[in-house]
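*Asks:* So I've got this file, input_36.cif, and it contains mmCIF, C-alpha atoms:
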data_final
loop_
_atom_site.label_atom_id
_atom_site.label_comp_id
_atom_site.auth_asym_id
_atom_site.auth_seq_id
_atom_site.Cartn_x
_atom_site.Cartn_y
_atom_site.Cartn_z
CA MET A 95 185.97 -32.51 -45.72
CA ARG A 96 184.69 -34.85 -43.01
CA GLU A 97 188.22 -35.88 -42.14
CA ALA A 98 189.41 -32.27 -41.92
CA LEU A 99 186.48 -31.29 -39.68
CA SER A 100 187.11 -34.24 -37.39
CA LYS A 101 190.57 -32.82 -36.62
CA VAL A 102 189.36 -29.42 -35.40
CA SER A 103 190.55 -28.58 -31.90
CA ASP A 104 188.22 -29.14 -28.94
CA THR A 105 188.76 -25.49 -28.05
CA VAL A 106 186.82 -24.46 -31.15
CA PHE A 107 183.86 -26.65 -30.18
CA THR A 108 183.80 -25.19 -26.69
CA TRP A 109 184.11 -21.61 -27.94
CA CYS A 110 181.18 -22.05 -30.31
CA PHE A 111 179.09 -23.80 -27.67
CA ASN A 112 179.67 -21.07 -25.10
CA HIS A 113 178.50 -18.42 -27.56
CA LEU A 114 175.04 -20.01 -27.66
CA ALA A 115 174.37 -18.56 -24.20
CA HIS A 116 171.41 -16.18 -23.87
CA THR A 117 173.78 -13.38 -22.86
CA ASN A 118 174.92 -13.16 -26.48
CA SER A 119 172.90 -11.47 -29.20
CA VAL A 120 170.61 -13.56 -31.41
CA ALA A 121 172.98 -12.95 -34.31
CA VAL A 122 175.93 -14.32 -32.34
CA GLN A 123 173.89 -17.33 -31.18
CA TYR A 124 172.92 -18.08 -34.77
CA ALA A 125 176.51 -17.79 -36.00
CA ALA A 126 177.68 -20.14 -33.23
CA ALA A 127 174.94 -22.62 -34.14
CA GLN A 128 175.98 -22.55 -37.79
CA CYS A 129 179.60 -23.18 -36.84
CA LEU A 130 178.59 -26.17 -34.73
CA ALA A 131 176.40 -27.39 -37.59
CA ALA A 132 179.41 -27.37 -39.90
CA LEU A 133 181.52 -29.16 -37.28
CA SER A 134 178.80 -31.80 -36.81
CA VAL A 135 179.35 -32.99 -40.39
CA GLY A 136 182.70 -34.45 -39.35
CA SER A 137 182.31 -34.72 -35.58
CA LEU A 138 178.65 -35.29 -34.71
CA PRO A 139 179.44 -37.32 -31.56
CA LYS A 140 181.62 -34.54 -30.14
CA VAL A 141 178.98 -31.89 -30.85
CA VAL A 142 176.01 -33.75 -29.38
CA THR A 143 178.01 -34.74 -26.29
CA LEU A 144 178.29 -31.05 -25.38
CA PHE A 145 174.50 -30.72 -25.57
CA MET A 146 173.75 -33.95 -23.73
CA GLN A 147 176.01 -32.87 -20.86
CA LYS A 148 174.40 -29.44 -20.76
CA ALA A 149 170.89 -30.92 -20.82
CA GLU A 150 171.66 -33.06 -17.76
CA SER A 151 172.07 -29.88 -15.70
CA VAL A 152 168.71 -28.39 -16.73
CA LYS A 153 166.27 -28.39 -13.83
CA ASN A 154 162.51 -28.15 -14.08
CA ASN A 155 162.13 -24.44 -13.42
CA ASP A 156 161.45 -21.38 -15.51
CA ALA A 157 164.96 -19.96 -15.27
CA ASP A 158 166.74 -23.12 -16.44
CA SER A 159 164.19 -23.70 -19.21
CA ARG A 160 164.65 -20.22 -20.62
CA LEU A 161 168.44 -20.34 -20.34
CA TYR A 162 168.61 -23.66 -22.21
CA THR A 163 166.25 -22.60 -25.00
CA SER A 164 169.01 -20.99 -27.08
CA TYR A 165 171.02 -24.21 -26.90
CA GLN A 166 168.04 -26.34 -27.89
CA ARG A 167 167.34 -24.04 -30.84
CA ALA A 168 170.81 -24.74 -32.25
CA VAL A 169 170.20 -28.50 -32.46
CA GLN A 170 167.96 -28.19 -35.52
CA TYR A 171 170.99 -27.35 -37.69
CA PHE A 172 173.11 -30.40 -36.85
CA ASP A 173 173.94 -33.14 -39.31
CA PHE A 174 172.16 -36.04 -37.62
CA SER A 175 172.64 -39.09 -39.77
CA PHE A 176 172.55 -42.86 -40.15
CA ALA A 177 175.48 -42.78 -42.59
CA THR A 178 178.14 -44.32 -40.34
CA PRO A 179 178.11 -46.36 -37.10
CA ARG A 180 179.51 -43.35 -35.21
CA ASP A 181 176.75 -41.11 -36.55
CA VAL A 182 174.11 -43.73 -35.72
CA ASP A 183 175.34 -43.96 -32.13
CA ALA A 184 175.44 -40.17 -31.75
CA THR A 185 171.98 -39.73 -33.26
CA VAL A 186 170.25 -42.41 -31.22
CA ASP A 187 172.08 -41.40 -28.04
CA TYR A 188 170.99 -37.80 -28.54
CA LEU A 189 167.34 -38.80 -28.97
CA ILE A 190 167.57 -40.82 -25.74
CA SER A 191 169.05 -37.78 -23.98
CA LEU A 192 166.35 -35.53 -25.45
CA LEU A 193 163.63 -37.85 -24.16
CA ALA A 194 165.14 -37.64 -20.66
CA LEU A 195 165.09 -33.84 -20.89
CA MET A 196 161.49 -33.89 -22.11
CA LYS A 197 160.37 -35.93 -19.11
CA ARG A 198 161.34 -33.09 -16.77
CA SER A 199 160.35 -30.15 -18.98
CA GLU A 200 157.23 -28.26 -17.96
CA ARG A 201 157.73 -24.79 -19.44
CA GLY A 202 156.16 -24.01 -22.78
CA VAL A 203 159.12 -22.02 -24.07
CA LEU A 204 161.40 -25.07 -23.90
CA ARG A 205 158.72 -27.55 -24.94
CA ALA A 206 158.07 -25.56 -28.12
CA GLU A 207 161.76 -25.49 -28.94
CA ILE A 208 162.10 -29.22 -28.30
CA CYS A 209 159.14 -29.98 -30.56
CA GLY A 210 160.70 -27.86 -33.29
CA SER A 211 163.95 -29.81 -32.90
CA VAL A 212 162.13 -33.14 -33.07
CA ARG A 213 160.37 -32.22 -36.31
CA THR A 214 163.57 -30.99 -37.95
CA ILE A 215 165.74 -33.91 -36.83
CA LEU A 216 163.23 -36.54 -37.90
CA ARG A 217 162.67 -34.93 -41.29
CA ARG A 218 166.40 -34.92 -41.87
CA LEU A 219 166.65 -38.58 -40.93
CA LEU A 220 163.44 -40.13 -42.26
CA ASP A 221 162.10 -38.06 -45.16
CA ARG A 222 161.36 -40.52 -47.96
CA ARG A 223 161.70 -37.73 -50.54
CA ASN A 224 165.41 -37.36 -49.78
CA GLU A 225 166.91 -40.31 -51.65
CA LYS A 226 170.30 -40.16 -49.94
CA ARG A 227 168.90 -39.97 -46.41
CA TRP A 228 166.28 -42.63 -47.13
CA TYR A 229 168.92 -44.99 -48.48
CA GLU A 230 171.01 -44.46 -45.34
CA PHE A 231 168.00 -45.19 -43.16
CA GLN A 232 167.12 -48.37 -45.04
CA ALA A 233 170.71 -49.57 -44.66
CA PHE A 234 170.58 -48.72 -40.95
CA GLN A 235 167.39 -50.74 -40.51
CA LYS A 236 168.98 -53.80 -42.06
CA ARG A 237 172.30 -53.81 -40.23
CA ASN A 238 172.09 -51.96 -36.93
CA VAL A 239 171.17 -53.33 -33.52
CA LYS A 240 169.84 -49.94 -32.42
CA VAL A 241 166.78 -50.06 -34.67
CA ASP A 242 164.52 -51.27 -31.87
CA VAL A 243 165.93 -48.64 -29.53
CA LEU A 244 165.18 -45.91 -32.08
CA TRP A 245 161.55 -46.93 -32.52
CA SER A 246 161.06 -47.35 -28.78
CA VAL A 247 162.31 -43.81 -28.14
CA TYR A 248 160.25 -42.59 -31.10
CA ARG A 249 157.04 -43.94 -29.59
CA GLN A 250 157.87 -42.57 -26.14
CA ILE A 251 158.48 -39.10 -27.58
CA TYR A 252 155.15 -39.26 -29.43
CA GLU A 253 153.29 -40.32 -26.30
CA LEU A 254 154.93 -37.65 -24.17
CA VAL A 255 154.17 -34.91 -26.70
CA GLY A 256 150.58 -36.17 -26.69
CA LYS A 257 150.46 -35.59 -22.94
CA TRP A 258 151.94 -32.12 -23.36
CA ALA A 259 149.18 -31.34 -25.85
CA LYS A 260 146.58 -31.57 -23.08
CA LYS A 261 147.75 -28.12 -21.94
CA SER A 262 145.92 -25.66 -24.18
CA LYS A 263 148.88 -23.29 -24.65
CA HIS A 264 151.00 -26.20 -25.89
CA THR A 265 148.42 -27.96 -28.06
CA LEU A 266 149.25 -26.37 -31.41
CA PHE A 267 152.98 -27.10 -31.55
CA CYS A 268 152.44 -30.54 -30.01
CA HIS A 269 149.86 -31.60 -32.60
CA HIS A 270 152.15 -30.26 -35.33
CA THR A 271 154.89 -32.54 -34.02
CA MET A 272 152.62 -35.55 -33.65
CA TYR A 273 151.30 -35.51 -37.19
CA CYS A 274 154.83 -35.11 -38.54
CA MET A 275 155.89 -38.14 -36.51
CA VAL A 276 153.06 -40.23 -37.96
CA LEU A 277 154.08 -39.27 -41.50
CA LEU A 278 157.77 -40.00 -40.86
CA GLY A 279 157.38 -43.09 -38.69
CA SER A 280 157.47 -46.76 -39.53
CA GLU A 281 154.63 -48.71 -41.12
CA ALA A 282 154.09 -50.45 -37.79
CA PHE A 283 153.82 -47.10 -36.00
CA TYR A 284 151.32 -45.81 -38.57
CA LEU A 285 149.15 -48.93 -38.26
CA SER A 286 149.42 -49.10 -34.47
CA GLY A 287 146.01 -49.15 -32.87
CA ASP A 288 147.23 -48.06 -29.44
CA ARG A 289 148.77 -44.71 -30.40
CA GLU A 290 146.67 -41.56 -30.09
CA ASP A 291 144.85 -40.82 -33.36
CA ILE A 292 146.34 -37.51 -34.43
CA PHE A 293 144.09 -37.20 -37.48
CA GLN A 294 140.99 -36.90 -35.32
CA LEU A 295 142.74 -34.32 -33.16
CA LEU A 296 143.62 -32.29 -36.25
CA ILE A 297 140.00 -32.37 -37.42
CA ALA A 298 138.85 -31.25 -33.98
CA GLY A 299 141.32 -28.35 -34.13
CA MET A 300 139.75 -27.20 -37.39
CA GLY A 301 136.51 -26.70 -35.51
CA LYS A 302 137.97 -24.01 -33.27
CA SER A 303 137.93 -20.50 -34.70
CA SER A 304 141.18 -19.52 -32.96
CA THR A 305 143.19 -22.33 -34.59
CA LYS A 306 141.15 -23.15 -37.71
CA ALA A 307 143.70 -21.80 -40.19
CA GLU A 308 146.65 -23.60 -38.60
CA TYR A 309 144.84 -26.92 -38.35
CA PHE A 310 143.52 -26.66 -41.88
CA GLU A 311 147.15 -26.39 -43.02
CA PHE A 312 148.12 -29.33 -40.81
CA VAL A 313 145.39 -31.49 -42.37
CA ARG A 314 146.37 -30.39 -45.87
CA SER A 315 150.00 -31.30 -45.21
CA TYR A 316 149.01 -34.62 -43.63
CA ILE A 317 147.03 -35.67 -46.69
CA LYS A 318 149.61 -34.38 -49.15
CA GLU A 319 152.60 -36.01 -47.43
CA LEU A 320 151.05 -39.29 -46.28
CA PRO A 321 153.20 -41.99 -47.96
CA SER A 322 151.33 -44.00 -50.58
CA ASP A 323 152.65 -47.17 -48.92
CA PHE A 324 150.75 -46.24 -45.77
CA ILE A 325 147.54 -45.68 -47.72
CA ASN A 326 147.86 -49.04 -49.47
CA LEU A 327 148.51 -50.82 -46.18
CA ASN A 328 145.06 -49.91 -44.91
CA PHE A 329 142.99 -48.28 -47.61
CA ASP A 330 139.76 -48.71 -45.65
CA ALA A 331 141.17 -46.65 -42.78
CA PHE A 332 142.28 -43.92 -45.18
CA THR A 333 138.81 -43.84 -46.77
CA THR A 334 137.27 -43.52 -43.30
CA GLN A 335 139.58 -40.60 -42.51
CA MET A 336 138.64 -38.78 -45.72
CA THR A 337 134.94 -39.36 -45.10
CA TYR A 338 135.38 -38.04 -41.57
CA LEU A 339 137.14 -34.95 -42.96
CA VAL A 340 134.42 -34.23 -45.52
CA SER A 341 131.70 -34.60 -42.89
CA HIS A 342 133.40 -31.87 -40.85
CA LEU A 343 134.05 -29.58 -43.79
CA PHE A 344 130.43 -29.90 -44.90
CA PRO A 345 128.53 -30.75 -41.71
CA LYS A 346 125.09 -30.19 -43.20
CA ALA A 347 125.68 -32.65 -46.02
CA LYS A 348 124.96 -36.33 -45.59
CA VAL A 349 128.13 -38.15 -46.48
CA LYS A 350 127.36 -41.83 -47.07
CA SER A 351 130.44 -42.77 -49.00
CA LEU A 352 133.43 -41.15 -50.58
CA PRO A 353 134.29 -41.99 -54.20
CA LEU A 354 138.03 -42.60 -54.27
#
Re-express the file's structure as C-alpha coordinates.

*Replies:*
Amino acid sequence: MREALSKVSDTVFTWCFNHLAHTNSVAVQYAAAQCLAALSVGSLPKVVTLFMQKAESVKNNDADSRLYTSYQRAVQYFDFSFATPRDVDATVDYLISLLALMKRSERGVLRAEICGSVRTILRRLLDRRNEKRWYEFQAFQKRNVKVDVLWSVYRQIYELVGKWAKKSKHTLFCHHTMYCMVLLGSEAFYLSGDREDIFQLLIAGMGKSSTKAEYFEFVRSYIKELPSDFINLNFDAFTTQMTYLVSHLFPKAKVKSLPL
(Lines of atoms letter the chains of each structure in order from A and count residues from 1; the text may use other names and numbers.)
(Lines give C-alpha, C1' and ligand atoms only; values in the text may rest on other atoms or scores of the structure.)
Protein backbone atom coordinates (compact mmCIF):
# COMPACT_ATOMS: atom_id res chain seq x y z
CA MET A 1 0.00 0.00 0.00
CA ARG A 2 2.84 2.39 0.81
CA GLU A 3 4.24 2.02 -2.69
CA ALA A 4 0.85 2.68 -4.29
CA LEU A 5 0.28 5.79 -2.16
CA SER A 6 3.71 7.12 -3.01
CA LYS A 7 2.70 7.21 -6.69
CA VAL A 8 -0.37 9.41 -6.23
CA SER A 9 -0.30 12.55 -8.36
CA ASP A 10 0.82 15.84 -6.80
CA THR A 11 -2.48 17.31 -7.96
CA VAL A 12 -4.32 15.15 -5.43
CA PHE A 13 -2.12 16.40 -2.58
CA THR A 14 -2.72 20.00 -3.57
CA TRP A 15 -6.47 19.51 -3.97
CA CYS A 16 -6.76 18.00 -0.50
CA PHE A 17 -4.54 20.67 1.04
CA ASN A 18 -6.56 23.51 -0.48
CA HIS A 19 -9.77 22.08 0.97
CA LEU A 20 -8.44 22.59 4.50
CA ALA A 21 -9.06 26.33 4.10
CA HIS A 22 -11.44 27.96 6.58
CA THR A 23 -13.80 28.85 3.74
CA ASN A 24 -14.80 25.20 3.53
CA SER A 25 -17.19 23.56 5.96
CA VAL A 26 -15.82 21.66 8.97
CA ALA A 27 -16.97 18.42 7.35
CA VAL A 28 -15.01 19.18 4.17
CA GLN A 29 -11.93 20.17 6.18
CA TYR A 30 -12.10 16.91 8.11
CA ALA A 31 -12.48 14.84 4.94
CA ALA A 32 -9.49 16.62 3.39
CA ALA A 33 -7.44 15.99 6.53
CA GLN A 34 -8.31 12.29 6.45
CA CYS A 35 -7.29 12.06 2.80
CA LEU A 36 -3.94 13.67 3.58
CA ALA A 37 -3.55 11.33 6.55
CA ALA A 38 -3.96 8.35 4.23
CA LEU A 39 -1.49 9.84 1.75
CA SER A 40 1.03 10.46 4.54
CA VAL A 41 1.38 6.70 5.06
CA GLY A 42 3.22 6.45 1.75
CA SER A 43 4.35 10.04 1.20
CA LEU A 44 4.91 11.73 4.56
CA PRO A 45 7.67 14.04 3.23
CA LYS A 46 5.42 15.36 0.46
CA VAL A 47 2.54 15.98 2.87
CA VAL A 48 4.54 17.77 5.57
CA THR A 49 6.33 19.92 2.97
CA LEU A 50 2.99 21.49 2.06
CA PHE A 51 2.42 22.41 5.70
CA MET A 52 5.95 23.66 6.33
CA GLN A 53 5.71 25.95 3.31
CA LYS A 54 2.31 27.23 4.44
CA ALA A 55 3.55 27.81 8.00
CA GLU A 56 6.39 30.01 6.73
CA SER A 57 3.81 32.51 5.45
CA VAL A 58 1.94 32.78 8.76
CA LYS A 59 2.50 36.16 10.37
CA ASN A 60 2.01 37.01 14.02
CA ASN A 61 -1.45 38.52 13.79
CA ASP A 62 -4.95 37.40 14.63
CA ALA A 63 -6.09 36.97 11.03
CA ASP A 64 -3.20 34.72 9.98
CA SER A 65 -3.43 32.69 13.19
CA ARG A 66 -7.12 31.98 12.71
CA LEU A 67 -6.73 31.18 9.02
CA TYR A 68 -3.94 28.68 9.70
CA THR A 69 -5.76 26.93 12.56
CA SER A 70 -7.67 24.58 10.25
CA TYR A 71 -4.39 23.50 8.64
CA GLN A 72 -2.72 22.93 12.00
CA ARG A 73 -5.68 20.85 13.15
CA ALA A 74 -5.16 18.43 10.26
CA VAL A 75 -1.59 17.59 11.33
CA GLN A 76 -2.74 15.40 14.22
CA TYR A 77 -3.90 12.72 11.77
CA PHE A 78 -0.63 12.28 9.87
CA ASP A 79 1.49 9.16 10.00
CA PHE A 80 4.61 10.61 11.61
CA SER A 81 7.08 7.81 12.05
CA PHE A 82 10.65 6.67 12.66
CA ALA A 83 10.15 3.60 10.45
CA THR A 84 12.32 4.66 7.51
CA PRO A 85 15.06 7.27 6.95
CA ARG A 86 12.66 9.30 4.78
CA ASP A 87 10.02 9.28 7.52
CA VAL A 88 12.62 10.22 10.13
CA ASP A 89 13.76 13.20 8.08
CA ALA A 90 10.18 14.33 7.45
CA THR A 91 9.21 13.95 11.11
CA VAL A 92 12.20 15.77 12.55
CA ASP A 93 12.07 18.47 9.88
CA TYR A 94 8.40 19.07 10.63
CA LEU A 95 9.08 19.44 14.37
CA ILE A 96 11.81 21.99 13.56
CA SER A 97 9.36 23.88 11.35
CA LEU A 98 6.69 23.72 14.05
CA LEU A 99 9.10 25.17 16.61
CA ALA A 100 9.80 28.09 14.25
CA LEU A 101 6.06 28.70 13.92
CA MET A 102 5.63 28.52 17.69
CA LYS A 103 8.25 31.21 18.24
CA ARG A 104 6.11 33.75 16.39
CA SER A 105 2.68 32.57 17.56
CA GLU A 106 0.92 34.79 20.09
CA ARG A 107 -2.77 34.01 19.59
CA GLY A 108 -4.40 31.46 21.85
CA VAL A 109 -6.48 29.87 19.11
CA LEU A 110 -3.36 28.76 17.23
CA ARG A 111 -1.34 27.98 20.34
CA ALA A 112 -4.05 25.61 21.55
CA GLU A 113 -4.12 23.84 18.20
CA ILE A 114 -0.33 23.55 18.14
CA CYS A 115 -0.29 22.08 21.64
CA GLY A 116 -2.91 19.54 20.59
CA SER A 117 -0.75 18.60 17.59
CA VAL A 118 2.34 18.23 19.76
CA ARG A 119 0.59 15.87 22.18
CA THR A 120 -0.82 13.72 19.37
CA ILE A 121 2.39 13.56 17.34
CA LEU A 122 4.56 12.67 20.32
CA ARG A 123 2.17 10.00 21.54
CA ARG A 124 2.22 8.43 18.09
CA LEU A 125 6.01 8.46 18.03
CA LEU A 126 7.01 7.76 21.64
CA ASP A 127 4.25 5.85 23.42
CA ARG A 128 5.94 2.90 25.12
CA ARG A 129 2.65 0.98 25.13
CA ASN A 130 2.66 0.76 21.33
CA GLU A 131 5.15 -2.03 20.70
CA LYS A 132 5.59 -1.32 16.99
CA ARG A 133 6.17 2.41 17.42
CA TRP A 134 8.45 1.88 20.42
CA TYR A 135 10.55 -0.61 18.50
CA GLU A 136 10.89 1.88 15.64
CA PHE A 137 11.95 4.59 18.06
CA GLN A 138 14.55 2.38 19.74
CA ALA A 139 16.00 1.51 16.34
CA PHE A 140 16.04 5.20 15.42
CA GLN A 141 17.94 6.05 18.61
CA LYS A 142 20.63 3.52 17.82
CA ARG A 143 21.24 4.32 14.17
CA ASN A 144 20.21 7.87 13.32
CA VAL A 145 22.30 11.03 13.50
CA LYS A 146 19.20 13.15 14.11
CA VAL A 147 18.62 11.84 17.64
CA ASP A 148 20.34 14.83 19.24
CA VAL A 149 18.41 17.20 16.98
CA LEU A 150 15.13 15.60 18.05
CA TRP A 151 15.82 15.96 21.76
CA SER A 152 17.09 19.51 21.32
CA VAL A 153 13.87 20.52 19.56
CA TYR A 154 11.87 18.58 22.15
CA ARG A 155 13.37 20.58 25.01
CA GLN A 156 12.90 23.88 23.18
CA ILE A 157 9.23 23.10 22.56
CA TYR A 158 8.77 22.24 26.25
CA GLU A 159 10.44 25.46 27.37
CA LEU A 160 8.44 27.58 24.95
CA VAL A 161 5.14 26.00 26.00
CA GLY A 162 6.18 26.72 29.59
CA LYS A 163 6.50 30.40 28.69
CA TRP A 164 3.11 30.34 26.98
CA ALA A 165 1.62 28.92 30.17
CA LYS A 166 2.36 32.18 32.00
CA LYS A 167 -0.65 33.67 30.19
CA SER A 168 -3.67 32.59 32.23
CA LYS A 169 -5.92 31.85 29.24
CA HIS A 170 -3.29 29.48 27.85
CA THR A 171 -2.23 27.78 31.07
CA LEU A 172 -4.51 24.75 30.95
CA PHE A 173 -3.65 23.44 27.49
CA CYS A 174 0.03 24.30 28.00
CA HIS A 175 0.31 22.35 31.26
CA HIS A 176 -1.52 19.45 29.60
CA THR A 177 1.15 19.44 26.89
CA MET A 178 4.04 19.77 29.32
CA TYR A 179 3.09 16.81 31.48
CA CYS A 180 2.57 14.67 28.39
CA MET A 181 6.05 15.63 27.20
CA VAL A 182 7.58 14.61 30.52
CA LEU A 183 5.87 11.21 30.33
CA LEU A 184 6.93 10.65 26.72
CA GLY A 185 10.41 12.13 26.89
CA SER A 186 13.79 10.53 27.43
CA GLU A 187 15.15 9.40 30.79
CA ALA A 188 17.59 12.30 30.66
CA PHE A 189 14.75 14.76 30.09
CA TYR A 190 12.76 13.31 33.00
CA LEU A 191 15.74 13.53 35.35
CA SER A 192 16.82 16.98 34.15
CA GLY A 193 17.07 19.40 37.03
CA ASP A 194 16.88 22.51 34.86
CA ARG A 195 13.49 21.91 33.24
CA GLU A 196 10.40 23.45 34.82
CA ASP A 197 8.81 21.04 37.32
CA ILE A 198 5.42 20.33 35.78
CA PHE A 199 4.28 18.15 38.68
CA GLN A 200 4.34 21.08 41.07
CA LEU A 201 2.44 23.19 38.55
CA LEU A 202 -0.22 20.48 38.26
CA ILE A 203 -0.61 20.35 42.04
CA ALA A 204 -0.93 24.14 42.14
CA GLY A 205 -3.65 23.94 39.48
CA MET A 206 -5.63 21.55 41.68
CA GLY A 207 -5.84 24.31 44.26
CA LYS A 208 -7.84 26.59 41.98
CA SER A 209 -11.59 26.01 41.99
CA SER A 210 -11.95 26.96 38.31
CA THR A 211 -9.51 24.29 37.11
CA LYS A 212 -9.56 21.74 39.95
CA ALA A 213 -11.32 19.01 37.97
CA GLU A 214 -9.04 19.31 34.95
CA TYR A 215 -5.85 19.32 37.00
CA PHE A 216 -7.01 16.43 39.13
CA GLU A 217 -7.36 14.43 35.91
CA PHE A 218 -3.92 15.61 34.75
CA VAL A 219 -2.34 14.43 38.02
CA ARG A 220 -4.19 11.11 37.84
CA SER A 221 -2.95 10.55 34.28
CA TYR A 222 0.59 11.59 35.21
CA ILE A 223 0.78 9.04 38.01
CA LYS A 224 -0.92 6.30 36.01
CA GLU A 225 1.22 6.75 32.88
CA LEU A 226 4.60 7.55 34.46
CA PRO A 227 6.93 4.82 33.13
CA SER A 228 8.17 2.44 35.82
CA ASP A 229 11.70 2.95 34.49
CA PHE A 230 11.45 6.62 35.41
CA ILE A 231 10.27 5.79 38.92
CA ASN A 232 13.13 3.35 39.45
CA LEU A 233 15.67 5.87 38.19
CA ASN A 234 14.91 8.20 41.08
CA PHE A 235 12.58 6.58 43.56
CA ASP A 236 13.28 9.20 46.22
CA ALA A 237 12.05 11.95 43.90
CA PHE A 238 8.88 9.98 43.13
CA THR A 239 8.25 9.46 46.86
CA THR A 240 8.68 13.20 47.43
CA GLN A 241 6.16 13.93 44.68
CA MET A 242 3.58 11.57 46.18
CA THR A 243 4.09 13.04 49.65
CA TYR A 244 3.67 16.51 48.17
CA LEU A 245 0.44 15.39 46.48
CA VAL A 246 -1.01 13.88 49.66
CA SER A 247 -0.17 17.01 51.66
CA HIS A 248 -2.25 19.04 49.19
CA LEU A 249 -5.13 16.60 49.05
CA PHE A 250 -5.28 16.48 52.84
CA PRO A 251 -3.80 19.81 53.96
CA LYS A 252 -4.88 19.47 57.57
CA ALA A 253 -3.12 16.14 58.01
CA LYS A 254 0.50 15.95 59.01
CA VAL A 255 2.23 13.86 56.40
CA LYS A 256 5.63 12.73 57.71
CA SER A 257 6.24 9.87 55.35
CA LEU A 258 4.45 7.93 52.68
CA PRO A 259 4.45 4.12 52.87
CA LEU A 260 5.23 2.90 49.37

*Asks:* For a test of reading the model, state the distance in Å between atom CA of Thr117 of chain A and atom CA of Leu133 of chain A, rounded to one decimal.

*Replies:*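 It comes out at 22.7 Å.
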
*Asks:* Find the spatial neighbours of segment 304-310 of chain A, counting only C-alpha atoms, within a cut-off of 10 Å - ignore same-chain residues fewer than 4 positions away - and output them as an MDAnalysis selection string.

*Replies:* chainID A and resid 266 269:270 295:300 314:316

*Asks:* Report as a VMD selection string the full result of the PyMOL selection byres ((chain A and resi 152) around 12) when it is applied to this structure.

*Replies:* chain A and resid 145 to 151 153 to 163 165 to 166 191 to 192 194 to 201 204

*Asks:* May I ask for the distance between atom CA of Glu207 of chain A and atom CA of Arg167 of chain A, given in Å to one decimal place?

*Replies:* 6.1 Å

*Asks:* So that I can see what lies close to Trp228 of chain A, please list as a PyMOL selection string the residues with an atom at most 12 Å from it, counting all atoms listed in the file and leaving out residues fewer than 4 positions away in the same chain.

*Replies:* chain A and resi 175-177+216-224+232-235+278

*Asks:* Given the choices A:Asp183, A:Tyr284, A:Val212, A:Phe329, which gets closest to Val239 of chain A if the distance is worked out from only C-alpha atoms?

*Replies:*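 Selected residue with least distance to Val239 of chain A: A:Asp183.
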
*Asks:* If the PyMOL selection byres ((chain A and resi 321) around 10) is run on the structure shown, which residues does it catch, given as a short mmCIF file (atom, residue, chain, number, x, y, z; two decimals) with C-alpha atoms, in the coordinates of the input?

*Replies:*
data_model
loop_
_atom_site.label_atom_id
_atom_site.label_comp_id
_atom_site.auth_asym_id
_atom_site.auth_seq_id
_atom_site.Cartn_x
_atom_site.Cartn_y
_atom_site.Cartn_z
CA ARG A 222 161.36 -40.52 -47.96
CA ARG A 223 161.70 -37.73 -50.54
CA LEU A 277 154.08 -39.27 -41.50
CA LEU A 278 157.77 -40.00 -40.86
CA GLU A 281 154.63 -48.71 -41.12
CA TYR A 316 149.01 -34.62 -43.63
CA ILE A 317 147.03 -35.67 -46.69
CA LYS A 318 149.61 -34.38 -49.15
CA GLU A 319 152.60 -36.01 -47.43
CA LEU A 320 151.05 -39.29 -46.28
CA SER A 322 151.33 -44.00 -50.58
CA ASP A 323 152.65 -47.17 -48.92
CA PHE A 324 150.75 -46.24 -45.77
CA ILE A 325 147.54 -45.68 -47.72
CA ASN A 326 147.86 -49.04 -49.47
#

*Asks:* Have a look at A:Val340, A:Val122, A:Leu114, A:Leu130 and name the one nearest to Val102 of chain A; count only C-alpha atoms.

*Replies:* A:Leu130

*Asks:* Set the distance at 7 Å and use all atoms listed in the file: which residues neighbour segment 247-263 of chain A once local chain neighbours fewer than 6 positions away are removed? I'd like the list as number ranges by chain.

*Replies:* A: 190, 193, 269, 272

*Asks:* Take atom CA of Val241 of chain A and atom CA of Gln294 of chain A and report the distance between them in Å, one decimal.

*Replies:* 29.0 Å

*Asks:* Taking the file above as input, evaluate the PyMOL selection byres ((chain A and resi 124) around 12) and report the hits as an MDAnalysis selection string.

*Replies:* chainID A and resid 110:111 113:116 118:123 125:131 164:171

*Asks:* Find the residue from A:Val203, A:Val135, A:Ile208, A:Ala331 that sits nearest to Gly287 of chain A; use only C-alpha atoms when measuring.

*Replies:*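 Closest residue, counting only C-alpha atoms: A:Ala331.
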